[in-house]
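Just work-v5.csv here, CSV, C-alpha atoms and all ligand atoms:
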```
chain,number,residue,atom,x,y,z
A,937,MET,CA,93.8,47.0,48.9
A,938,GLU,CA,97.1,47.4,47.2
A,939,PHE,CA,98.3,51.0,46.9
A,940,MET,CA,98.1,51.2,43.1
A,941,GLN,CA,94.7,49.5,43.0
A,942,LYS,CA,93.4,52.3,45.3
A,943,ILE,CA,95.0,55.0,43.0
A,944,TRP,CA,93.4,53.4,39.9
A,945,LYS,CA,90.0,53.4,41.7
A,946,GLN,CA,90.4,57.0,42.7
A,947,ALA,CA,91.6,58.1,39.2
A,948,ARG,CA,88.5,56.4,37.6
A,949,SER,CA,86.1,58.2,40.1
A,950,SER,CA,86.5,61.5,38.3
A,951,LYS,CA,88.6,61.4,35.1
A,952,ARG,CA,91.2,64.0,34.4
A,953,ARG,CA,92.8,65.1,31.0
A,954,ILE,CA,96.4,63.9,31.0
A,955,VAL,CA,98.9,65.1,28.4
A,956,LEU,CA,101.4,62.5,27.1
A,957,ALA,CA,104.0,64.8,25.6
A,958,GLU,CA,105.9,62.0,23.9
A,959,GLY,CA,102.8,60.9,22.0
A,960,GLU,CA,104.5,59.2,19.0
A,961,GLU,CA,106.6,57.0,21.2
A,962,ARG,CA,105.9,53.2,21.4
A,963,ARG,CA,105.6,52.8,25.2
A,964,ASN,CA,103.5,55.9,25.5
A,965,LEU,CA,101.1,54.6,22.8
A,966,ILE,CA,100.8,51.2,24.5
A,967,ALA,CA,100.2,52.9,27.8
A,968,ALA,CA,97.6,55.2,26.2
A,969,GLY,CA,95.7,52.1,25.0
A,970,LYS,CA,95.7,50.6,28.5
A,971,ILE,CA,94.7,53.8,30.2
A,972,ILE,CA,91.7,54.2,27.8
A,973,GLU,CA,90.8,50.5,28.2
A,974,ASN,CA,90.9,50.8,32.0
A,975,ASN,CA,89.1,54.2,32.0
A,976,LEU,CA,91.8,55.9,34.1
A,977,ALA,CA,92.1,59.2,32.3
A,978,ASP,CA,91.3,61.1,29.2
A,979,ILE,CA,94.5,61.0,27.1
A,980,ILE,CA,95.9,63.8,25.0
A,981,LEU,CA,98.8,62.6,22.8
A,982,VAL,CA,101.2,65.3,21.6
A,983,GLY,CA,102.8,64.9,18.2
A,984,ASP,CA,102.3,64.5,14.5
A,985,THR,CA,98.8,63.2,13.8
A,986,ASN,CA,99.8,60.9,11.0
A,987,ALA,CA,102.8,59.5,12.9
A,988,ILE,CA,100.7,58.9,16.0
A,989,LYS,CA,98.0,57.1,14.1
A,990,GLU,CA,100.4,55.0,12.0
A,991,ASN,CA,102.5,54.0,15.1
A,992,ALA,CA,99.4,53.1,17.0
A,993,GLU,CA,98.1,51.0,14.2
A,994,ALA,CA,101.4,49.2,13.8
A,995,LEU,CA,101.3,48.3,17.5
A,996,GLY,CA,97.6,47.3,17.3
A,997,VAL,CA,96.7,49.9,19.9
A,998,ASP,CA,93.2,51.5,19.8
A,999,ILE,CA,93.6,55.2,20.5
A,1000,ARG,CA,90.4,56.4,18.9
A,1001,GLU,CA,89.3,57.8,22.2
A,1002,ALA,CA,92.5,59.8,22.7
A,1003,THR,CA,92.8,63.5,21.6
A,1004,ILE,CA,95.8,64.3,19.4
A,1005,ALA,CA,97.4,67.7,19.8
A,1006,ASP,CA,99.9,68.5,17.1
A,1007,GLN,CA,102.0,71.4,18.3
A,1008,HIS,CA,102.5,72.6,14.7
A,1009,THR,CA,98.8,72.9,13.9
A,1010,TYR,CA,97.3,73.4,17.4
A,1011,PRO,CA,94.4,75.9,17.2
A,1012,HIS,CA,95.6,77.7,20.4
A,1013,LYS,CA,99.2,77.9,19.3
A,1014,GLU,CA,99.4,81.7,18.8
A,1015,GLU,CA,97.7,82.3,22.2
A,1016,MET,CA,100.2,79.9,23.7
A,1017,ILE,CA,103.2,81.8,22.2
A,1018,LYS,CA,101.9,85.1,23.6
A,1019,GLU,CA,101.3,83.5,27.0
A,1020,LEU,CA,104.8,81.9,27.2
A,1021,TYR,CA,106.3,85.3,26.2
A,1022,GLU,CA,104.4,87.0,29.0
A,1023,ILE,CA,105.4,84.5,31.6
A,1024,ARG,CA,109.1,84.6,30.7
A,1025,LYS,CA,109.7,88.1,29.3
A,1026,SER,CA,111.3,89.3,32.5
A,1027,LYS,CA,113.9,86.4,32.0
A,1028,GLY,CA,114.7,87.5,28.5
A,1029,MET,CA,112.1,85.6,26.5
A,1030,THR,CA,111.3,87.0,23.0
A,1031,LEU,CA,108.2,86.3,20.9
A,1032,GLU,CA,110.5,84.5,18.4
A,1033,LYS,CA,112.0,82.3,21.1
A,1034,ALA,CA,108.6,81.5,22.5
A,1035,ALA,CA,107.4,80.5,19.0
A,1036,GLU,CA,110.4,78.2,18.7
A,1037,LEU,CA,109.8,76.7,22.2
A,1038,VAL,CA,106.2,75.8,21.8
A,1039,LEU,CA,107.2,73.5,19.0
A,1040,ASP,CA,109.2,71.5,21.7
A,1041,PRO,CA,106.7,68.8,22.9
A,1042,LEU,CA,107.7,69.3,26.5
A,1043,TYR,CA,107.2,73.1,26.5
A,1044,PHE,CA,104.0,72.6,24.5
A,1045,GLY,CA,102.6,70.0,26.9
A,1046,THR,CA,103.6,72.2,29.9
A,1047,MET,CA,101.8,75.2,28.3
A,1048,MET,CA,98.7,73.1,27.7
A,1049,VAL,CA,98.6,72.3,31.4
A,1050,LYS,CA,99.4,75.9,32.4
A,1051,MET,CA,96.6,77.2,30.1
A,1052,GLY,CA,94.1,74.6,31.3
A,1053,TYR,CA,93.9,72.6,28.1
A,1054,GLY,CA,95.0,69.6,30.1
A,1055,ASP,CA,95.0,68.8,33.8
A,1056,GLY,CA,98.4,67.2,34.1
A,1057,MET,CA,101.3,66.1,32.0
A,1058,VAL,CA,103.6,63.0,31.9
A,1059,SER,CA,106.8,62.6,29.9
A,1060,GLY,CA,110.4,61.4,30.2
A,1061,ALA,CA,110.5,58.1,28.4
A,1062,ILE,CA,112.8,59.7,25.8
A,1063,HIS,CA,113.8,62.9,27.6
A,1064,THR,CA,115.9,63.5,30.7
A,1065,THR,CA,114.5,64.6,34.1
A,1066,GLY,CA,116.1,68.1,33.6
A,1067,ASP,CA,114.3,68.4,30.2
A,1068,LEU,CA,110.9,67.9,31.9
A,1069,LEU,CA,111.7,69.9,35.1
A,1070,ARG,CA,113.0,73.0,33.4
A,1071,PRO,CA,109.8,74.0,31.5
A,1072,GLY,CA,107.8,73.0,34.6
A,1073,LEU,CA,109.9,75.2,36.9
A,1074,GLN,CA,109.8,78.1,34.5
A,1075,ILE,CA,106.2,77.9,33.5
A,1076,ILE,CA,104.0,76.0,36.0
A,1077,LYS,CA,106.2,77.1,39.0
A,1078,THR,CA,105.7,76.2,42.6
A,1079,ALA,CA,102.4,76.0,44.5
A,1080,PRO,CA,101.8,78.8,47.0
A,1081,GLY,CA,104.0,78.4,50.1
A,1082,VAL,CA,106.3,75.8,48.5
A,1083,SER,CA,110.0,76.8,48.2
A,1084,ALA,CA,111.2,73.7,46.4
A,1085,VAL,CA,109.7,71.3,43.9
A,1086,SER,CA,110.8,67.8,44.8
A,1087,GLY,CA,110.3,64.2,43.7
A,1088,PHE,CA,109.0,61.3,45.8
A,1089,PHE,CA,108.6,57.6,45.4
A,1090,VAL,CA,106.0,55.4,47.0
A,1091,MET,CA,107.9,52.3,48.0
A,1092,VAL,CA,105.9,49.1,48.3
A,1093,ILE,CA,108.1,46.6,50.0
A,1094,PRO,CA,107.0,42.9,50.1
A,1095,ASN,CA,107.0,41.0,53.4
A,1096,CYS,CA,107.9,44.1,55.4
A,1097,ASN,CA,106.4,45.5,58.6
A,1098,TYR,CA,108.1,48.9,58.4
A,1099,GLY,CA,106.1,52.0,57.6
A,1100,GLU,CA,102.5,51.3,56.7
A,1101,ASN,CA,102.8,47.5,56.3
A,1102,GLY,CA,105.8,48.0,54.0
A,1103,THR,CA,104.5,51.1,52.2
A,1104,LEU,CA,106.6,54.2,52.7
A,1105,ILE,CA,107.2,57.5,50.9
A,1106,PHE,CA,110.8,58.6,50.1
A,1107,ALA,CA,111.8,62.2,49.2
A,1108,ASP,CA,113.6,64.0,47.6
A,1109,CYS,CA,114.9,61.4,45.2
A,1110,ALA,CA,114.8,63.3,42.0
A,1111,VAL,CA,115.2,67.1,42.0
A,1112,ASN,CA,117.3,69.1,44.5
A,1113,PRO,CA,121.0,68.1,44.5
A,1114,LYS,CA,122.0,69.9,47.7
A,1115,PRO,CA,119.0,71.4,49.5
A,1116,THR,CA,119.3,74.2,52.0
A,1117,SER,CA,117.6,73.9,55.4
A,1118,GLU,CA,114.7,75.9,54.1
A,1119,GLN,CA,114.3,73.7,51.1
A,1120,LEU,CA,114.6,70.6,53.2
A,1121,ALA,CA,111.9,71.9,55.5
A,1122,SER,CA,109.7,72.6,52.6
A,1123,ILE,CA,110.3,69.1,51.1
A,1124,ALA,CA,109.3,67.6,54.5
A,1125,ILE,CA,106.1,69.6,54.7
A,1126,THR,CA,105.1,69.0,51.1
A,1127,THR,CA,105.8,65.2,51.4
A,1128,ALA,CA,103.6,65.1,54.6
A,1129,GLU,CA,100.8,66.8,52.6
A,1130,THR,CA,101.4,64.4,49.7
A,1131,ALA,CA,101.1,61.4,52.1
A,1132,GLU,CA,97.8,62.8,53.5
A,1133,LYS,CA,96.5,63.2,49.9
A,1134,PHE,CA,97.3,59.5,49.2
A,1135,ASP,CA,95.6,58.4,52.5
A,1136,LEU,CA,98.7,57.8,54.6
A,1137,ASP,CA,98.8,59.3,58.1
A,1138,PRO,CA,102.3,60.9,57.8
A,1139,LYS,CA,105.0,60.3,60.4
A,1140,VAL,CA,108.0,62.1,58.8
A,1141,ALA,CA,111.6,61.2,59.7
A,1142,MET,CA,114.3,63.6,58.6
A,1143,LEU,CA,117.2,61.3,58.0
A,1144,SER,CA,120.9,61.8,58.8
A,1145,PHE,CA,123.9,59.8,60.0
A,1146,SER,CA,123.2,61.2,63.5
A,1147,THR,CA,120.3,60.7,65.9
A,1148,MET,CA,119.2,63.6,68.1
A,1149,GLY,CA,122.7,65.1,68.4
A,1150,SER,CA,124.7,61.9,68.5
A,1151,ALA,CA,127.2,63.4,65.9
A,1152,SER,CA,128.3,66.9,65.1
A,1153,HIS,CA,128.8,68.1,61.5
A,1154,GLU,CA,127.6,70.9,59.3
A,1155,MET,CA,125.6,68.3,57.3
A,1156,VAL,CA,123.8,67.3,60.5
A,1157,ASP,CA,123.2,71.0,61.3
A,1158,ASN,CA,121.5,71.4,57.9
A,1159,VAL,CA,119.1,68.6,58.8
A,1160,ARG,CA,118.6,69.8,62.4
A,1161,ASN,CA,117.8,73.4,61.2
A,1162,ALA,CA,115.4,72.0,58.7
A,1163,VAL,CA,113.6,70.0,61.4
A,1164,ASP,CA,113.2,73.2,63.5
A,1165,MET,CA,111.9,75.2,60.6
A,1166,ALA,CA,109.4,72.5,59.5
A,1167,LYS,CA,108.2,72.1,63.1
A,1168,SER,CA,107.7,75.8,63.6
A,1169,LEU,CA,105.9,76.2,60.2
A,1170,ARG,CA,103.6,73.2,60.7
A,1171,PRO,CA,103.5,72.2,64.4
A,1172,ASP,CA,100.4,70.1,63.6
A,1173,LEU,CA,102.4,67.6,61.6
A,1174,ALA,CA,104.4,64.7,63.0
A,1175,ILE,CA,107.9,65.6,61.7
A,1176,ASP,CA,111.0,64.8,63.7
A,1177,GLY,CA,114.8,64.4,63.5
A,1178,GLU,CA,117.5,64.2,62.9
A,1179,LEU,CA,117.2,60.4,62.9
A,1180,GLN,CA,119.3,57.6,61.6
A,1181,LEU,CA,117.4,55.2,59.4
A,1182,ASP,CA,117.2,52.4,62.0
A,1183,ALA,CA,116.0,54.9,64.7
A,1184,ALA,CA,113.4,56.1,62.2
A,1185,ILE,CA,111.8,52.7,61.4
A,1186,VAL,CA,112.8,50.1,64.0
A,1187,PRO,CA,110.8,50.4,67.3
A,1188,ASP,CA,113.6,48.8,69.5
A,1189,VAL,CA,116.3,51.1,68.1
A,1190,ALA,CA,114.0,54.1,68.5
A,1191,GLU,CA,113.4,53.1,72.1
A,1192,LEU,CA,117.2,53.3,72.7
A,1193,LYS,CA,118.1,56.3,70.5
A,1194,ALA,CA,115.1,58.6,70.5
A,1195,PRO,CA,112.7,57.4,73.2
A,1196,ASN,CA,110.7,60.7,73.3
A,1197,SER,CA,110.2,61.1,69.5
A,1198,PRO,CA,106.6,60.9,68.2
A,1199,VAL,CA,108.0,59.6,64.9
A,1200,ALA,CA,111.0,57.4,65.7
A,1201,GLY,CA,110.3,53.7,65.2
A,1202,LYS,CA,107.2,54.3,63.2
A,1203,ALA,CA,108.1,56.6,60.4
A,1204,ASN,CA,106.3,56.1,57.0
A,1205,VAL,CA,107.8,59.1,55.3
A,1206,LEU,CA,111.6,59.3,54.9
A,1207,ILE,CA,113.2,62.7,54.0
A,1208,PHE,CA,116.7,62.2,52.7
A,1209,PRO,CA,119.3,65.0,53.4
A,1210,ASP,CA,120.3,65.4,49.8
A,1211,LEU,CA,119.7,64.0,46.3
A,1212,GLN,CA,122.7,61.6,46.4
A,1213,THR,CA,121.3,59.8,49.5
A,1214,GLY,CA,117.7,60.0,48.3
A,1215,ASN,CA,118.4,58.6,44.8
A,1216,ILE,CA,120.8,55.9,46.0
A,1217,GLY,CA,118.5,55.1,48.9
A,1218,TYR,CA,115.4,54.3,46.9
A,1219,LYS,CA,117.3,52.2,44.4
A,1220,LEU,CA,118.9,50.2,47.2
A,1221,VAL,CA,115.5,49.3,48.6
A,1222,GLN,CA,114.1,48.7,45.1
A,1223,ARG,CA,116.8,46.3,44.1
A,1224,PHE,CA,117.8,44.5,47.3
A,1225,ALA,CA,114.3,44.3,48.8
A,1226,ARG,CA,112.6,43.8,45.4
A,1227,ALA,CA,110.3,46.7,46.2
A,1228,GLU,CA,108.0,48.3,43.8
A,1229,ALA,CA,109.1,51.9,43.4
A,1230,ILE,CA,106.3,54.1,42.1
A,1231,GLY,CA,107.6,57.4,40.8
A,1232,PRO,CA,109.4,59.7,40.7
A,1233,ILE,CA,106.3,61.7,41.2
A,1234,CYS,CA,106.9,65.5,41.4
A,1235,GLN,CA,105.4,67.5,44.2
A,1236,GLY,CA,105.3,71.2,44.9
A,1237,PHE,CA,104.3,72.3,41.4
A,1238,ALA,CA,101.2,74.4,41.1
A,1239,LYS,CA,99.8,71.8,38.7
A,1240,PRO,CA,100.9,68.2,38.3
A,1241,ILE,CA,103.6,67.3,35.8
A,1242,ASN,CA,105.5,64.1,36.1
A,1243,ASP,CA,108.7,62.5,34.9
A,1244,LEU,CA,109.3,59.0,33.7
A,1245,SER,CA,112.5,57.0,33.8
A,1246,ARG,CA,114.0,56.4,30.4
A,1247,GLY,CA,113.9,52.7,31.2
A,1248,CYS,CA,110.2,52.8,32.0
A,1249,SER,CA,107.7,50.2,30.8
A,1250,PRO,CA,104.2,50.9,29.5
A,1251,GLU,CA,102.9,49.7,32.9
A,1252,ASP,CA,105.0,52.3,34.7
A,1253,ILE,CA,103.6,55.0,32.4
A,1254,VAL,CA,100.0,53.8,33.2
A,1255,ASN,CA,100.7,54.1,37.0
A,1256,VAL,CA,102.4,57.5,36.7
A,1257,VAL,CA,99.4,58.8,34.7
A,1258,ALA,CA,97.0,57.4,37.4
A,1259,MET,CA,99.0,59.2,40.1
A,1260,THR,CA,99.0,62.4,38.0
A,1261,ALA,CA,95.3,62.2,37.6
A,1262,VAL,CA,94.8,61.8,41.3
A,1263,GLN,CA,97.1,64.8,42.0
A,1264,ALA,CA,95.0,66.8,39.5
A,1265,GLN,CA,91.8,65.8,41.4
A,1266,LYS,CA,93.3,66.8,44.7
A,1267,GLY,CA,94.5,70.2,43.4
A,1268,ILE,CA,98.3,69.5,43.8
B,1,LIG,N1,112.1,74.2,43.1
B,1,LIG,C1,111.5,75.3,42.6
B,1,LIG,N2,112.1,76.1,41.7
B,1,LIG,C2,113.3,75.7,41.2
B,1,LIG,C3,114.0,74.5,41.7
B,1,LIG,C4,113.3,73.7,42.7
B,1,LIG,N3,113.8,72.6,43.1
B,1,LIG,N4,115.2,74.4,41.0
B,1,LIG,C5,115.3,75.4,40.2
B,1,LIG,N5,114.2,76.2,40.3
B,1,LIG,C6,113.8,77.4,39.5
B,1,LIG,C7,114.8,78.5,39.4
B,1,LIG,O1,114.6,79.4,40.5
B,1,LIG,C8,114.6,79.1,38.1
B,1,LIG,O2,113.5,79.9,38.1
B,1,LIG,P1,113.4,81.2,37.1
B,1,LIG,O3,114.0,80.8,35.8
B,1,LIG,O4,112.0,81.6,37.0
B,1,LIG,O5,114.3,82.2,37.8
B,1,LIG,C9,114.1,77.9,37.2
B,1,LIG,O6,113.7,76.9,38.2
B,1,LIG,C10,115.2,77.3,36.4
B,1,LIG,O7,116.3,77.2,37.3
B,1,LIG,P2,117.8,76.9,36.8
B,1,LIG,O8,118.7,77.1,37.9
B,1,LIG,O9,118.0,77.6,35.5
B,1,LIG,O10,117.6,75.3,36.4
B,1,LIG,P3,118.8,74.3,36.6
B,1,LIG,O11,119.6,74.3,35.3
B,1,LIG,O12,119.4,74.4,37.9
B,1,LIG,O13,117.9,73.0,36.6
B,1,LIG,C11,117.0,71.2,37.7
B,1,LIG,C12,117.0,72.7,37.6
B,1,LIG,C13,116.6,70.7,36.3
B,1,LIG,C14,115.9,70.7,38.7
B,1,LIG,C15,118.4,70.7,38.2
B,1,LIG,O14,118.5,71.0,39.5
B,1,LIG,C16,118.6,69.2,38.0
B,1,LIG,O15,119.0,68.8,36.9
B,1,LIG,N6,118.3,68.4,39.1
B,1,LIG,C17,118.6,67.0,39.2
B,1,LIG,C18,117.7,66.2,38.3
B,1,LIG,C19,118.2,64.8,38.2
B,1,LIG,O16,119.1,64.5,37.4
B,1,LIG,N7,117.7,63.9,39.0
B,1,LIG,C20,118.1,62.5,39.1
B,1,LIG,C21,117.5,61.6,38.1
B,1,LIG,S1,115.8,61.3,38.5
B,1,LIG,C22,115.8,59.7,39.1
B,1,LIG,O17,116.7,58.9,39.0
B,1,LIG,C23,114.6,59.3,39.8
```
What is this structure when it is put down as structure tokens?
Ligand code: ACO
Amino acid sequence: MEFMQKIWKQARSSKRRIVLAEGEERRNLIAAGKIIENNLADIILVGDTNAIKENAEALGVDIREATIADQHTYPHKEEMIKELYEIRKSKGMTLEKAAELVLDPLYFGTMMVKMGYGDGMVSGAIHTTGDLLRPGLQIIKTAPGVSAVSGFFVMVIPNCNYGENGTLIFADCAVNPKPTSEQLASIAITTAETAEKFDLDPKVAMLSFSTMGSASHEMVDNVRNAVDMAKSLRPDLAIDGELQLDAAIVPDVAELKAPNSPVAGKANVLIFPDLQTGNIGYKLVQRFARAEAIGPICQGFAKPINDLSRGCSPEDIVNVVAMTAVQAQKGI
């Protein structure tokens, strides 16, 4: 079964409440209609009630089953302001500032998830990645034991035998510009756990321009230290490196360059050494191999919140909502 078909089936099996923080926006409304039609999640649309209803009607989208949460008139608004103040007062938050911030749909949506009024949030069709990540990092924060939130893509590559018949997970492609060894180790472990939650048996390659000491450079040392840390923290996981991309995925090259590695030649999870390589790497595969790139999906948050590309289609939003619902089911 195709990867996304499995995710849709899983999402339907126990529906979760997903907040669409950009509820008045056209693609979000079309996606909401499709999500309701396909029974993938219970949708909460954030925004002005009249604007949402009028826009949906103009688009011919039936959103009668969605809940509308207007941040200006929300019944739990006062409680939310106090909670936001409590969470951030040590960082200089005042009640006045908290009252202002809960009117921002992204802070409001994040607070809904934090306080349990929603199980996950998706936004980013009209906001930047940083706009979504900042309230997430400040309010939801990381899950226990995680030192860095990161962003992964599920890459589904047609006519390809690498990874799991052409399905691989790439990380970090979205969040940490220049990860330390500790952050890189955390990203590798979190991504392995993510793979398990999405039914892939993870074989994690930590990528570099060097394979097992073939080159010396401080950038290689950063990856090598991360491999050591990840292995000592989670000896039960198949994590190895440093590996060049070909050694990671091509069995013949692995045989030559890293014959004793349990991961080389069969990696299905690729950890990039920094955000430049991760972001460029997924786009290379997406464009040149005409791969489907599902994501970026955030991992490492205590509760799921996810970003959209500003160029996203309604179908992309539906898929990210389904992934978010599955993350919420699995407690990520
Ligand atoms: N994991 C966990 N916590 C983090 C992380 C992280 N990766 N990064 C920052 N934080 C925490 C900080 O410790 C801080 O916590 P505190 O306020 O409670 O002390 C809080 O988050 C805010 O940190 P700042 O340093 O103020 O936030 P910053 O301005 O650095 O922004 C951000 C963080 C938004 C993640 C930034 O690093 C960023 O913009 N990253 C790149 C995003 C991007 O542009 N991606 C590419 C596009 S996506 C795509 O193409 C798929």
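Of the residues under consideration (A:Ala1084, A:Ala1174, A:Ala1121, A:Ile1093), A:Ala1084 shows the shortest atom-to-atom contact distance to ligand LIG 1 (chain B) when counting only C-alpha atoms and all ligand atoms.
Residues in contact with ligand LIG 1 (chain B) comprise Lys1027, Thr1065, Gly1066, Asp1067, Leu1069, Arg1070, Leu1073, Gln1074, Lys1077, Thr1078, Ser1083, Ala1084, Val1085, Ser1086, Cys1109, Ala1110, Val1111, Asn1112, Pro1113, Asn1215, Pro1232 and Ser1245 of chain A, where contact means an atom-to-atom distance of at most 7 Å counting all atoms listed in the file.
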Quick one: everything within 6 Å of Val1058 (chain A), counting all atoms listed in the file, minus sequence neighbours fewer than 2 positions away in the same chain. Send it as a ChimeraX atom specification. /A:956,1241-1243
CA of Ser1144 (chain A) to CA of Cys1096 (chain A), distance in Å rounded to a single decimal: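 Pair CA of Ser1144 (chain A) / CA of Cys1096 (chain A) returns 22.2 Å.
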Closest of A:Thr1009, A:Ser1146, A:Gln946, A:Asn1204 to Ala1128 (chain A), counting only C-alpha atoms, is A:Asn1204
Which distance in Å separates CA of Glu973 (chain A) and CA of Glu1132 (chain A), to one decimal?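 Between CA of Glu973 (chain A) and CA of Glu1132 (chain A) the gap is 29.0 Å.
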Residues near Met1142 (chain A), anyone? I mean within 6 Å using all atoms listed in the file, not counting same-chain ones fewer than 5 positions away, as a PDB file with C-alpha atoms, in the frame of the given file.
```pdb
ATOM      1  CA  GLY A1177     114.800  64.400  63.500  1.00  0.00           C
ATOM      2  CA  GLU A1178     117.500  64.200  62.900  1.00  0.00           C
ATOM      3  CA  ILE A1207     113.200  62.700  54.000  1.00  0.00           C
TER       4      ILE A1207
END
```
Residue with smallest distance to Gly983 (chain A) - pool A:Ala1034, A:Met940, A:Leu1042, A:Leu1120, counting only C-alpha atoms: A:Leu1042
Tell me which protein, DNA and RNA residues are within 8 Å of Val1254 (chain A), counting all atoms listed in the file, leaving out same-chain ones fewer than 6 positions away, and put them as a list in words. Ala967, Ala968, Lys970 and Ile971 of chain A
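Here CA of Ile1175 (chain A) and CA of Asn1158 (chain A) stand 15.3 Å from one another.
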Counting all atoms listed in the file, note down every residue that has an atom within 12 Å of the point (109.1, 73.5, 17.9) (file coordinates), as number ranges by chain. A: 982-984, 1006-1010, 1013, 1017, 1032-1045
Which is closest to Gly1060 (chain A) among A:Leu1169, A:Val1256, A:Val1090, A:Ala1184, if we use only C-alpha atoms?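 Among the listed residues, the smallest separation from Gly1060 (chain A) belongs to A:Val1256.
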So which one's closest to Val1156 (chain A), A:Asn975, A:Thr1116, A:Gln941, A:Thr1064? Using all atoms listed in the file, please.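 Result for the nearest residue to Val1156 (chain A): A:Thr1116.
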Select, from A:Leu1068, A:Ile1076, A:Phe1088, A:Glu1001, the residue with the minimum atom-to-atom distance to Arg1024 (chain A), counting all atoms listed in the file.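 Answer, going by the shortest atom-to-atom distance: A:Ile1076.
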Give as a PDB file with C-alpha atoms, in the frame of the given file each residue that has an atom at most 12 Å from (95.6, 78.4, 35.7) in the file, counting all atoms listed in the file.
```
ATOM      1  CA  GLU A1019     101.300  83.500  27.000  1.00  0.00           C
ATOM      2  CA  THR A1046     103.600  72.200  29.900  1.00  0.00           C
ATOM      3  CA  MET A1047     101.800  75.200  28.300  1.00  0.00           C
ATOM      4  CA  MET A1048      98.700  73.100  27.700  1.00  0.00           C
ATOM      5  CA  VAL A1049      98.600  72.300  31.400  1.00  0.00           C
ATOM      6  CA  LYS A1050      99.400  75.900  32.400  1.00  0.00           C
ATOM      7  CA  MET A1051      96.600  77.200  30.100  1.00  0.00           C
ATOM      8  CA  GLY A1052      94.100  74.600  31.300  1.00  0.00           C
ATOM      9  CA  TYR A1053      93.900  72.600  28.100  1.00  0.00           C
ATOM     10  CA  GLY A1054      95.000  69.600  30.100  1.00  0.00           C
ATOM     11  CA  ASP A1055      95.000  68.800  33.800  1.00  0.00           C
ATOM     12  CA  GLY A1056      98.400  67.200  34.100  1.00  0.00           C
ATOM     13  CA  ILE A1075     106.200  77.900  33.500  1.00  0.00           C
ATOM     14  CA  ILE A1076     104.000  76.000  36.000  1.00  0.00           C
ATOM     15  CA  LYS A1077     106.200  77.100  39.000  1.00  0.00           C
ATOM     16  CA  ALA A1079     102.400  76.000  44.500  1.00  0.00           C
ATOM     17  CA  ALA A1238     101.200  74.400  41.100  1.00  0.00           C
ATOM     18  CA  LYS A1239      99.800  71.800  38.700  1.00  0.00           C
ATOM     19  CA  PRO A1240     100.900  68.200  38.300  1.00  0.00           C
ATOM     20  CA  GLY A1267      94.500  70.200  43.400  1.00  0.00           C
TER      21      GLY A1267
END
```
Shell around Ala1141 (chain A) at 10 Å using all atoms listed in the file, local window under 4 positions removed, as a list in words: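 After dropping sequence-adjacent residues, the list is Phe1106, Ala1124, Val1163, Ala1174, Ile1175, Asp1176, Gly1177, Glu1178, Leu1179, Gln1180, Leu1181, Ala1183, Ala1184, Ile1185, Ser1197, Pro1198, Val1199, Ala1200, Gly1201, Lys1202, Ala1203, Asn1204, Val1205, Leu1206, Ile1207 and Phe1208 of chain A.
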Quick one: residues within 12 Å of Lys945 (chain A), all atoms listed in the file counted, chain neighbours fewer than 4 positions away excluded, as a list in words?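 Contacts, with the query itself left out: Met937, Glu938, Phe939, Met940, Gln941, Ser949, Ser950, Lys951, Asn974, Asn975, Leu976, Ala977, Asn1255, Ala1258, Met1259, Ala1261 and Val1262 of chain A.
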